[in-house]
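Student: Have a look at this one before I ask anything.
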Amino acid sequence: MIQIKNLDFSHGDEKVLNNINIDIEKNTTCAIIGPSGCGKTTLLYLLAGLLSINRGEILINGEEWNNCRRETGVILQNYGLLPWKTVWNNVSLGLKVRGLSKKEIEYKVSSILNELKITDLKDKYPTQLSGGQKQRVAIARTLVTNPDLLLLDEATSALDAMTKEHIQNLILDVYKKRSMTLVFVTHSIEEAVFLGQKIIIMEKTKIKKVIDNPYFGAEELRKKIDYYNLCLEVRKWLEDGESQ
Ligand SMILES: Nc1ncnc2c1ncn2[C@@H]1O[C@H](COP(=O)(O)OP(=O)(O)OP(=O)(O)O)[C@@H](O)[C@H]1O
Ligand SMILES: [Mg+2]
C-alpha cells in the first residue's frame with residue numbers, strides 16, 4: 001500500500017507539486033496521466049526516492065520513505081541500459097550488486113530472458129537492439145530483482161503503435177504473474193485505461209480527478225466498447241480546463 005500525504009515539491013522557486021494526496025492499494029496498478037510539465041515524472045521520482053520531499057510524506061506498507069528502497073524497481077524513459085554491457089550482463093547487474101551466487105544469477109537471468117522472450121538477444125549490446133527490444137531488456141533487468149513496487153515513466157512513448165501494444169500486453173502479463181504494485185506515468189489515454197486499475201488525471205501541480213477502472217484486466221479489453229467509453233471519459237477530463 002502506498003500513501004502519499006499532503007505532498008509538496010518545488011524545483012527552486014517553481015512549485016511543481018502542490019498538496020498531492022494519493023492512496024494506492026497493494027498489488028494494484030495505477031496510471032498517472034496529464035499534460036506535459038504537470039509534474040508526473042517528478043511525482044514518480046519522489047516515489048522512487050530519487051528526489052527528496054519538501055513537505056508531506058510517502059508511506060510504503062506503512063513505512064515512511066524519503067530515499068531509495070531495495071524492493072522498488074524503476075524504469076525511466078531512456079531505458080537506463082549500460083551500452084558497454086551485453087543484454088545478459090545488463091540484466092544480471094542488479095543481482096551481482098545484491099551478492100547472489102553465480103548459480104542463482106544464471107537461473108534467474110535465464111528465467112526472466114525466457115519469460116520476456118529475449119533469450120536470443122543475450123549476447124547483443126543495447127545499440128544493436130530496437131526500441132521495443134531495449135524496453136524488454138529494461139523490464140527484464142528490473143523484474144529479475146523481484147520488486148514489490150514497479151515504477152515506469154513513459155514506458156512505451158518512444159515505440160511505434162504495434163510495439164506499444166506488445167509492450168503493454170507484456171507489462172500486463174508480468175504484472176498478473178507477480179505480487180507487485182505497478183505505478184506508471186503515461187501520455188497515452190489508451191495505455192492508462194488498458195493498464196491502470198486506478199487512473200490519476202493531473203493538471204499543473206495537482207490531481208484533477210481519480211477514476212477507478214472496472215474493466216482493468218478484462219479479456220480482449222481493446223475490442224470492448226466499455227474500454228473506448230472510458231478512454232473518452234479520461235479524454236474529457238484531460239481536455240476540460242485546457243482553455244483556462
Ligand atoms: N531538474 C529540474 N530543475 C528545474 N525544474 C525542473 C526540473 N525537472 C522538472 N522541472 C520542472 O518541473 C515541472 C514538472 O516537470 P515534470 O518533468 O515532472 O513534468 P511531466 O509531467 O513529467 O512532463 P512530461 O509529460 O513532459 O514528461 C516542469 O515545469 C519542469 O520544467
Ligand atoms: Mg515526464
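Residues in the C-alpha cells are named by chain (A, B, ... in the order shown) and by number from 1 within that chain; ligands are numbered from 1 in the order shown.
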At a cut-off of 12 Å, using only C-alpha atoms, what residues contact segment 209-215 of chain A? Leave out same-chain residues fewer than 2 positions from it and give the result as a PyMOL selection string.
Tutor: chain A and resi 20-25+28-34+192-203+206-207+217-231+233-238+240
Student: Please extract the residues at most 12 Å from ligand 2, counting only C-alpha atoms and all ligand atoms, and provide them as a PyMOL selection string, using the chain letters and residue numbers of this document.
Tutor: chain A and resi 16+32-45+76-78+152-155+157+184-187
Student: Between A:Ser92, A:Thr72, A:Asn61, A:Gln133, which has the minimum distance to Val183 of chain A (counting only C-alpha atoms)?
Tutor: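 Between A:Ser92, A:Thr72, A:Asn61, A:Gln133, the residue approaching Val183 of chain A most closely is A:Thr72.
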Student: When you look at Thr86 of chain A with a cut-off of 8 Å (counting only C-alpha atoms), what residues show up, excluding the ones that are within fewer than 3 positions of it in the same chain? I need them as a VMD selection string.
Tutor: chain A and resid 83 89 to 90 122 to 126
Student: What are the DSSP strand (DSSP E or B) residues of segment 146-190 of chain A, as a PyMOL selection string?
Tutor: chain A and resi 149-153+181-186
Student: Got time to write the residues from that selection, N, CA and C atoms, as a PDB file, in the first residue's frame?
Tutor:
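Writing the result to part_2.pdb gives the following:
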```pdb
ATOM      1  N   LEU A 149       7.276  -3.206  -5.921  1.00  0.00           N
ATOM      2  CA  LEU A 149       6.717  -1.979  -6.489  1.00  0.00           C
ATOM      3  C   LEU A 149       7.499  -1.648  -7.747  1.00  0.00           C
ATOM      4  N   LEU A 150       6.778  -1.527  -8.865  1.00  0.00           N
ATOM      5  CA  LEU A 150       7.436  -1.206 -10.134  1.00  0.00           C
ATOM      6  C   LEU A 150       6.953   0.167 -10.602  1.00  0.00           C
ATOM      7  N   LEU A 151       7.902   1.055 -10.860  1.00  0.00           N
ATOM      8  CA  LEU A 151       7.590   2.406 -11.318  1.00  0.00           C
ATOM      9  C   LEU A 151       8.071   2.566 -12.749  1.00  0.00           C
ATOM     10  N   LEU A 152       7.182   3.011 -13.626  1.00  0.00           N
ATOM     11  CA  LEU A 152       7.537   3.157 -15.040  1.00  0.00           C
ATOM     12  C   LEU A 152       7.228   4.572 -15.506  1.00  0.00           C
ATOM     13  N   ASP A 153       8.185   5.187 -16.184  1.00  0.00           N
ATOM     14  CA  ASP A 153       7.943   6.516 -16.753  1.00  0.00           C
ATOM     15  C   ASP A 153       7.902   6.419 -18.274  1.00  0.00           C
ATOM     16  N   THR A 181       2.973  -4.106  -7.060  1.00  0.00           N
ATOM     17  CA  THR A 181       2.199  -2.893  -7.312  1.00  0.00           C
ATOM     18  C   THR A 181       2.875  -2.184  -8.483  1.00  0.00           C
ATOM     19  N   LEU A 182       2.056  -1.676  -9.393  1.00  0.00           N
ATOM     20  CA  LEU A 182       2.598  -1.030 -10.592  1.00  0.00           C
ATOM     21  C   LEU A 182       2.086   0.408 -10.653  1.00  0.00           C
ATOM     22  N   VAL A 183       3.002   1.351 -10.702  1.00  0.00           N
ATOM     23  CA  VAL A 183       2.618   2.759 -10.874  1.00  0.00           C
ATOM     24  C   VAL A 183       3.329   3.250 -12.120  1.00  0.00           C
ATOM     25  N   PHE A 184       2.564   3.768 -13.071  1.00  0.00           N
ATOM     26  CA  PHE A 184       3.200   4.195 -14.314  1.00  0.00           C
ATOM     27  C   PHE A 184       2.683   5.541 -14.796  1.00  0.00           C
ATOM     28  N   VAL A 185       3.609   6.279 -15.396  1.00  0.00           N
ATOM     29  CA  VAL A 185       3.300   7.579 -15.983  1.00  0.00           C
ATOM     30  C   VAL A 185       3.139   7.380 -17.479  1.00  0.00           C
ATOM     31  N   THR A 186       2.124   7.989 -18.047  1.00  0.00           N
ATOM     32  CA  THR A 186       1.925   7.848 -19.483  1.00  0.00           C
ATOM     33  C   THR A 186       1.303   9.113 -20.079  1.00  0.00           C
TER      34      THR A 186
END
```
